[in-house]
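**Student:** Following this message is one structure expressed as C-alpha cells.
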There are 2 protein chains.
Amino acid sequence: MSSPNPSQNYLLAALPAAEFEPLATHLELVSLRLGEMLYEPGGQLSHAYFPTTAIVSLHYVMASGASAESAGVGNEGIVGVSLFMGGNTTPSAAVVQTAGHAYRLDSHKLSQEFKRAGPMQQLLLRYTQALMTQMAQTAACNRHHSLEQQLCRWLLLTLDRLPSNDLIMTQELIANMLGVRREGITEAAGNLQRAGVISYRRGHIAVLDRAGLEGRVCECYAVVRTELSRLLSDVRYRQ
Amino acid sequence: MSSPNPSQNYLLAALPAAEFEPLATHLELVSLRLGEMLYEPGGQLSHAYFPTTAIVSLHYVMASGASAESAGVGNEGIVGVSLFMGGNTTPSAAVVQTAGHAYRLDSHKLSQEFKRAGPMQQLLLRYTQALMTQMAQTAACNRHHSLEQQLCRWLLLTLDRLPSNDLIMTQELIANMLGVRREGITEAAGNLQRAGVISYRRGHIAVLDRAGLEGRVCECYAVVRTELSRLLSDVRYRQ
DNA sequence: CATGTTATGTGCGCTACCGACCAGACAAGC
DNA sequence: GCTTGTCTGGTCGGTAGCGCACATAACATG
C-alpha cells in the first residue's frame with residue numbers, strides 16, 4: 001500500500017486488464033495538498049482525478065460564505081463526473097479534504113474512453129449513481145439527524161477511504177464540511193472522546209472504537225455504503 | 001396544451017425528429033394520480049416516465065418515518081435515471097406530487113435507446129447531471145436556509161413545471177416534501193399570504209406575485225434553474 | 001342540512017443549534 | 001528560551017423549528 005499504485009483506486013482496479021493497460025500510460029500520479037482546490041464552481045476541468053490515498057470533498061459555497069458538502073470522493077471513485085456527463089463543469093467546488101495521492105487523466109482521454117461504451121463507461125455510470133445516492137442521503141441527513149450523528153457518518157465515510165485509523169483533520173475543517181459551527185464539532189467530538197470512541201489532539205483524530213461509531217451513526221451511513229457496494233460489486237473484473 | 005402530447009416533455013421535445021419518430025410508437029400515455037408511488041425504495045422499475053403535466057417527487061423515507069425530498073421531476077425530465085445508469089433501482093422512492101400525465105417507456109427500450117449513444121444518450125446524461133445539481137443544492141439549502149426560503153424555492157420549482165399558477169396541494173403534503181412540520185408550513189404560507197404573494201384555501205395554492213417569491217427565495221432556486229438551462233439549452237434539436 | 005372528514009390555525013414549552021466572544025494549550029519558528 | 005499563530009474548550013444569550021395538544025374552519029356526503 002505504501003508505494004502509489006493505480007489499483008489502489010477501486011474504479012481503476014475494477015477494469016479488466018485489457019482495458020486498463022492502454023490507459024495506464026495516460027495516468028499521471030499527482031500529490032494533492034490539503035485545502036487544494038481541484039476545481040472552482042463553474043470552472044473548467046482539464047483532468048479527472050482517481051484518488052488513491054487522497055480524499056476530495058464536493059461542496060457548495062453559498063453567497064453568504066457558508067458551505068456544505070454534498071459528497072466526498074476517495075479511492076472508491078472519481079472526481080470530475082461532469083466531464084463524461086456532458087456538462088463539463090458544476091456549481092460545486094472540489095477541495096482536497098485529506099492530503100494524498102491521486103492519478104489524473106486528461107479530460108479528452110476520459111471522454112474518449114467513456115464513448116467506447118465498454119466496461120469503463122459502465123463503471124463510471126454506476127459510480128455516478130452511487131454518488132447521487134450519497135447526495136440524496138446527505139440532503140435527508142442534513143434535515144433530520146443530529147450533529148453528532150452526522151459527525152459519526154462523516155467519520156465513518158472518511159475512515160472507509162483511508163488505510164489507517166488516523167485522520168489529519170481539524171475541527172474547523174470538519175465543521176466546514178458539514179456546514180455547522182466549529183463549536184458544535186468541539187462538543188460532539190468531546191462526547192465521543194469521553195465515550196472512548198475517538199481520541200484527538202490538535203489536528204489529529206484517531207478512531208479507537210469503530211463499532212462505537214457505528215452504534216451512534218444514523219442509517220444514512222449504511223444506505224450510502226450498501227448502495228456503493230451493490231452498484232460496484234458485480235463489476236470488478238480484475239483481482 | 002390541453003391535449004396530451006409527448007413534446008410537452010422537454011427531453012422528448014428536444015430529440016431530433018429522426019430519433020423521436022421510431023420511439024413515438026413505444027411511448028404510452030399514462031395518467032398519474034396524486035400520491036401514487038411509481039417505485040418504492042429498492043423496487044424494480046418496469047418503465048421510465050417522462051412527465052408532461054404531472055410532477056414526481058424523489059424522496060427518501062427514514063426508518064423513523066420522517067421523509068425528505070432530494071429532487072423533483074416534471075416536464076423537464078425523466079423519472080428512472082437508474083435504468084440507464086446501470087443500477088436499476090435506488091434507495092429513494094418516487095411519488096406523484098401533482099396529478100397529471102406522463103409518457104412511459106419500457107425499461108428495455110430505454111436502455112436500448114441509451115446504448116445507441118446518440119442524442120438521446122446525451123440528453124439523458126445531461127439531465128442526470130442537472131438532477132445531481134438539484135440534489136446537491138437541496139442538501140446545502142436544508143442546512144442553511146430558513147423554512148420560508150425553502151418553501152419559496154419549492155413553490156417556484158413547482159411553478160416552473162406547471163402551465164398555470166394554481167397548485168393542488170395541501171400544507172401537509174408540502175411539509176412532507178420539505179421534511180418539516182406541517183405547522184411550519186402554515187406559518188410560512190401565512191406570511192406569504194399576508195404579503196400578498198400567494199393566496200390559498202383548503203388544498204389549493206395560487207401564486208399571485210411570482211416576483212415576490214423570487215425576492216424571498218434563496219440563491220438555491222437560481223442555481224438549479226440556471227444549471228438546468230445551461231445543460232439542456234444547446235441540445236434542443238426540434239422546435 | 002346534519003355529519004363526518006380533512007385542512008388549517010394557535011399556543012405552549014423545549015432543545016439543538018447559532019453568533020459572538022474569550023481563554024487556554026499546543027506546535028513551530030526565531 | 002520566547003513569540004506567534006493555530007487549534008480546542010467553554011460561556012451566554014438568542015432563536016428557529018420541533019412535539020404535542022387542541023380549536024376552528026372548509027368541504028364532501030348522504
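In the C-alpha cells, each chain is lettered A, B, ... as it comes, each chain's residues begin at 1, and ligands are numbered from 1 in order of appearance.
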Residues of chain B no more than 9 Å from chain D, counting only C-alpha atoms (C1' of nucleotides): send them over as number ranges by chain.

**Tutor:** B: 146-147, 180-181, 184, 201-202

**Student:** Keeping only N, CA and C atoms, write the selected residues as a short mmCIF file (atom, residue, chain, number, x, y, z; two decimals), in the first residue's frame.

**Tutor:**
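Saved the output as part.cif:
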```cif
data_model
loop_
_atom_site.label_atom_id
_atom_site.label_comp_id
_atom_site.auth_asym_id
_atom_site.auth_seq_id
_atom_site.Cartn_x
_atom_site.Cartn_y
_atom_site.Cartn_z
N SER B 146 -33.78 29.26 5.67
CA SER B 146 -34.96 29.22 6.52
C SER B 146 -36.09 28.46 5.84
N LEU B 147 -37.01 28.05 6.66
CA LEU B 147 -38.16 27.32 6.17
C LEU B 147 -38.88 28.15 5.10
N VAL B 180 -40.41 18.98 6.90
CA VAL B 180 -40.60 19.84 8.07
C VAL B 180 -41.98 19.58 8.68
N ARG B 181 -42.27 20.27 9.76
CA ARG B 181 -43.54 20.12 10.43
C ARG B 181 -44.63 20.83 9.65
N GLY B 184 -45.14 24.42 10.52
CA GLY B 184 -44.14 25.35 9.98
C GLY B 184 -44.56 25.90 8.64
N ARG B 201 -56.45 28.25 -0.12
CA ARG B 201 -57.60 27.70 0.60
C ARG B 201 -57.45 26.19 0.54
N ARG B 202 -58.04 25.53 1.51
CA ARG B 202 -58.01 24.05 1.60
C ARG B 202 -57.49 23.34 0.35
#
```

**Student:** Check stretch 47-185 of chain B with DSSP on the backbone and list each residue it calls helix (DSSP H, G or I), as a PyMOL selection string.

**Tutor:** chain B and resi 82-85+107-115+119-144+147-159+171-178+182-185

**Student:** Taking only C-alpha atoms (C1' of nucleotides) into account, find every residue of chain B that has an atom no more than 9 Å from chain C, and write it out as a PDB file with C-alpha atoms, in the first residue's frame.

**Tutor:**
```pdb
ATOM      1  CA  THR B 170     -52.145  20.662   0.976  1.00  0.00           C
ATOM      2  CA  GLN B 171     -49.777  22.120   3.516  1.00  0.00           C
ATOM      3  CA  GLU B 172     -49.324  18.671   4.954  1.00  0.00           C
ATOM      4  CA  GLU B 183     -47.330  23.848  11.329  1.00  0.00           C
ATOM      5  CA  THR B 186     -48.872  27.010   7.938  1.00  0.00           C
ATOM      6  CA  GLU B 187     -46.837  29.793   9.433  1.00  0.00           C
ATOM      7  CA  ARG B 201     -57.603  27.704   0.595  1.00  0.00           C
ATOM      8  CA  ARG B 202     -58.011  24.055   1.597  1.00  0.00           C
ATOM      9  CA  GLY B 203     -55.741  22.185  -0.739  1.00  0.00           C
TER      10      GLY B 203
END
```

**Student:** Rounded to one decimal place, report the atom CA of B:Asp166-atom CA of B:Ile205 distance in Å.

**Tutor:** 5.7 Å

**Student:** Enumerate as a VMD selection string the residues belonging to chain B that approach chain A to within 9 Å, with only C-alpha atoms taken into account.

**Tutor:** chain B and resid 59 to 63 66 to 71 81 to 82 84 to 87 90 to 92 115 117 122 to 133 135 to 144 178 to 180 219 to 220 223 227 230 to 231

**Student:** Please produce a file of the residues just selected, as a PDB file, in the first residue's frame, where the atoms kept are C-alpha atoms.

**Tutor:**
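Writing the result to out_16.pdb gives the following:
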```pdb
ATOM      1  CA  HIS B  59     -37.511  11.369  -1.732  1.00  0.00           C
ATOM      2  CA  TYR B  60     -36.054   9.222   0.947  1.00  0.00           C
ATOM      3  CA  VAL B  61     -38.127   7.932   3.837  1.00  0.00           C
ATOM      4  CA  MET B  62     -36.160   7.341   7.015  1.00  0.00           C
ATOM      5  CA  ALA B  63     -36.560   4.483   9.411  1.00  0.00           C
ATOM      6  CA  ALA B  66     -39.645  11.157   8.507  1.00  0.00           C
ATOM      7  CA  SER B  67     -39.018  11.964   4.891  1.00  0.00           C
ATOM      8  CA  ALA B  68     -37.221  14.484   2.744  1.00  0.00           C
ATOM      9  CA  GLU B  69     -37.298  15.241  -0.922  1.00  0.00           C
ATOM     10  CA  SER B  70     -33.979  15.187  -2.711  1.00  0.00           C
ATOM     11  CA  ALA B  71     -35.348  16.359  -6.047  1.00  0.00           C
ATOM     12  CA  VAL B  81     -32.423   7.504 -14.353  1.00  0.00           C
ATOM     13  CA  SER B  82     -31.166   4.402 -12.557  1.00  0.00           C
ATOM     14  CA  PHE B  84     -29.673   3.691 -17.809  1.00  0.00           C
ATOM     15  CA  MET B  85     -27.138   4.496 -15.116  1.00  0.00           C
ATOM     16  CA  GLY B  86     -26.936   0.779 -14.518  1.00  0.00           C
ATOM     17  CA  GLY B  87     -28.233   0.411 -11.006  1.00  0.00           C
ATOM     18  CA  THR B  90     -32.388   3.394  -5.908  1.00  0.00           C
ATOM     19  CA  PRO B  91     -32.916   3.736  -2.158  1.00  0.00           C
ATOM     20  CA  SER B  92     -35.295   6.630  -2.847  1.00  0.00           C
ATOM     21  CA  LYS B 115     -26.880   2.309 -25.701  1.00  0.00           C
ATOM     22  CA  ALA B 117     -25.068   6.511 -27.900  1.00  0.00           C
ATOM     23  CA  GLN B 122     -26.523  12.866 -24.448  1.00  0.00           C
ATOM     24  CA  LEU B 123     -29.838  14.310 -23.324  1.00  0.00           C
ATOM     25  CA  LEU B 124     -30.296  11.756 -20.580  1.00  0.00           C
ATOM     26  CA  LEU B 125     -26.794  12.194 -19.225  1.00  0.00           C
ATOM     27  CA  ARG B 126     -27.071  15.941 -19.206  1.00  0.00           C
ATOM     28  CA  TYR B 127     -30.410  15.820 -17.500  1.00  0.00           C
ATOM     29  CA  THR B 128     -28.944  13.474 -14.906  1.00  0.00           C
ATOM     30  CA  GLN B 129     -26.248  15.975 -14.201  1.00  0.00           C
ATOM     31  CA  ALA B 130     -28.886  18.662 -13.697  1.00  0.00           C
ATOM     32  CA  LEU B 131     -30.614  16.298 -11.300  1.00  0.00           C
ATOM     33  CA  MET B 132     -27.396  15.952  -9.334  1.00  0.00           C
ATOM     34  CA  THR B 133     -27.169  19.712  -9.063  1.00  0.00           C
ATOM     35  CA  MET B 135     -29.777  17.151  -5.082  1.00  0.00           C
ATOM     36  CA  ALA B 136     -26.580  18.880  -4.039  1.00  0.00           C
ATOM     37  CA  GLN B 137     -28.374  22.192  -3.757  1.00  0.00           C
ATOM     38  CA  THR B 138     -31.160  20.646  -1.710  1.00  0.00           C
ATOM     39  CA  ALA B 139     -28.554  19.348   0.714  1.00  0.00           C
ATOM     40  CA  ALA B 140     -26.998  22.788   1.099  1.00  0.00           C
ATOM     41  CA  CYS B 141     -30.386  24.511   1.319  1.00  0.00           C
ATOM     42  CA  ASN B 142     -31.589  22.107   4.005  1.00  0.00           C
ATOM     43  CA  ARG B 143     -28.562  23.006   6.005  1.00  0.00           C
ATOM     44  CA  HIS B 144     -28.536  26.766   5.790  1.00  0.00           C
ATOM     45  CA  LEU B 178     -39.594  19.539   2.614  1.00  0.00           C
ATOM     46  CA  GLY B 179     -39.285  17.260   5.614  1.00  0.00           C
ATOM     47  CA  VAL B 180     -40.599  19.835   8.074  1.00  0.00           C
ATOM     48  CA  GLU B 219     -29.961  31.548  -4.214  1.00  0.00           C
ATOM     49  CA  CYS B 220     -30.605  27.801  -4.485  1.00  0.00           C
ATOM     50  CA  VAL B 223     -28.583  27.783  -9.166  1.00  0.00           C
ATOM     51  CA  GLU B 227     -27.787  24.835 -14.353  1.00  0.00           C
ATOM     52  CA  ARG B 230     -27.210  25.593 -19.265  1.00  0.00           C
ATOM     53  CA  LEU B 231     -27.100  21.829 -19.568  1.00  0.00           C
TER      54      LEU B 231
END
```

**Student:** For B:Asp106, find every residue with an atom within 8 Å (counting only C-alpha atoms (C1' of nucleotides)), except residues of its own chain fewer than 4 positions away, and show them as number ranges by chain.

**Tutor:** B: 26, 46-48, 110

**Student:** Can those selected residues be exported to a file as an mmCIF file, in the first residue's frame so that it contains N, CA and C atoms?

**Tutor:**
```cif
data_model
loop_
_atom_site.group_PDB
_atom_site.id
_atom_site.type_symbol
_atom_site.label_atom_id
_atom_site.label_comp_id
_atom_site.auth_asym_id
_atom_site.auth_seq_id
_atom_site.Cartn_x
_atom_site.Cartn_y
_atom_site.Cartn_z
ATOM 1 N N HIS B 26 -43.590 3.592 -29.076
ATOM 2 C CA HIS B 26 -43.378 2.888 -27.809
ATOM 3 C C HIS B 26 -43.771 3.702 -26.595
ATOM 4 N N SER B 46 -40.242 -1.020 -14.087
ATOM 5 C CA SER B 46 -40.522 -1.648 -15.373
ATOM 6 C C SER B 46 -40.513 -0.601 -16.488
ATOM 7 N N HIS B 47 -40.734 0.651 -16.134
ATOM 8 C CA HIS B 47 -40.784 1.727 -17.120
ATOM 9 C C HIS B 47 -40.085 2.984 -16.607
ATOM 10 N N ALA B 48 -39.656 3.783 -17.543
ATOM 11 C CA ALA B 48 -39.237 5.142 -17.200
ATOM 12 C C ALA B 48 -40.400 6.064 -17.539
ATOM 13 N N LEU B 110 -35.777 1.799 -23.279
ATOM 14 C CA LEU B 110 -34.990 2.960 -22.863
ATOM 15 C C LEU B 110 -33.507 2.625 -22.846
#
```

**Student:** Kindly give the distance, in Å, that separates atom CA of B:Tyr49 and atom CA of B:Pro4, rounded to a single decimal.

**Tutor:**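 These two atoms are separated by 14.3 Å.
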
**Student:** Considering only strand (DSSP E) as DSSP defines it on the backbone, what residues of stretch 2-236 of chain A qualify? List them as an mmCIF file with C-alpha atoms, in the first residue's frame.

**Tutor:**
```cif
data_model
loop_
_atom_site.group_PDB
_atom_site.id
_atom_site.type_symbol
_atom_site.label_atom_id
_atom_site.label_comp_id
_atom_site.auth_asym_id
_atom_site.auth_seq_id
_atom_site.Cartn_x
_atom_site.Cartn_y
_atom_site.Cartn_z
ATOM 1 C CA GLU A 28 -0.373 10.677 -14.130
ATOM 2 C CA LEU A 29 0.367 10.396 -10.433
ATOM 3 C CA VAL A 30 -0.222 13.642 -8.579
ATOM 4 C CA SER A 31 0.161 14.632 -4.981
ATOM 5 C CA LEU A 32 -2.746 16.617 -3.580
ATOM 6 C CA MET A 37 -8.986 23.319 -4.900
ATOM 7 C CA LEU A 38 -9.232 20.917 -7.828
ATOM 8 C CA TYR A 39 -11.891 22.997 -9.423
ATOM 9 C CA HIS A 47 -8.356 16.394 -15.821
ATOM 10 C CA ALA A 48 -10.380 13.849 -13.936
ATOM 11 C CA TYR A 49 -8.872 12.556 -10.698
ATOM 12 C CA PHE A 50 -8.868 8.998 -9.401
ATOM 13 C CA PRO A 51 -7.898 9.359 -5.728
ATOM 14 C CA ILE A 55 -9.938 12.388 -0.260
ATOM 15 C CA VAL A 56 -11.753 15.153 -2.082
ATOM 16 C CA SER A 57 -14.845 16.948 -0.917
ATOM 17 C CA LEU A 58 -17.526 18.203 -3.282
ATOM 18 C CA HIS A 59 -19.287 21.104 -1.754
ATOM 19 C CA TYR A 60 -21.243 24.189 -2.492
ATOM 20 C CA VAL A 61 -20.290 27.576 -1.096
ATOM 21 C CA SER A 67 -20.695 25.959 2.831
ATOM 22 C CA ALA A 68 -21.942 22.416 2.849
ATOM 23 C CA GLU A 69 -20.568 19.200 1.488
ATOM 24 C CA SER A 70 -22.819 17.263 -0.834
ATOM 25 C CA ALA A 71 -20.499 14.293 -1.198
ATOM 26 C CA GLY A 72 -16.964 13.088 -0.676
ATOM 27 C CA VAL A 73 -14.795 11.168 -3.106
ATOM 28 C CA ALA A 93 -16.292 23.149 -5.763
ATOM 29 C CA ALA A 94 -13.898 20.228 -5.275
ATOM 30 C CA VAL A 95 -11.455 20.670 -2.405
ATOM 31 C CA VAL A 96 -8.847 18.296 -1.037
ATOM 32 C CA GLN A 97 -10.006 17.197 2.380
ATOM 33 C CA THR A 98 -7.229 14.717 3.106
ATOM 34 C CA GLY A 100 -2.561 12.196 -0.502
ATOM 35 C CA HIS A 101 -2.193 10.825 -3.980
ATOM 36 C CA ALA A 102 -4.415 10.567 -6.991
ATOM 37 C CA TYR A 103 -4.000 9.564 -10.601
ATOM 38 C CA ARG A 104 -5.234 12.051 -13.054
ATOM 39 C CA LEU A 105 -6.407 11.503 -16.584
ATOM 40 C CA ASP A 106 -6.709 14.061 -19.327
ATOM 41 C CA ASP A 166 -5.867 8.389 11.972
ATOM 42 C CA LEU A 167 -7.354 11.414 10.310
ATOM 43 C CA ILE A 168 -5.322 14.562 9.908
ATOM 44 C CA ILE A 198 -12.280 8.530 19.385
ATOM 45 C CA SER A 199 -9.316 10.415 20.719
ATOM 46 C CA TYR A 200 -7.940 13.604 19.332
ATOM 47 C CA ARG A 201 -5.349 16.267 19.650
ATOM 48 C CA HIS A 204 -5.441 14.680 14.583
ATOM 49 C CA ILE A 205 -8.323 12.350 15.201
ATOM 50 C CA ALA A 206 -7.844 8.679 15.997
ATOM 51 C CA VAL A 207 -10.778 6.324 15.849
#
```

**Student:** Quick one, how far is atom CA of A:Asp209 from atom CA of A:Gly196?

**Tutor:** 7.2 Å
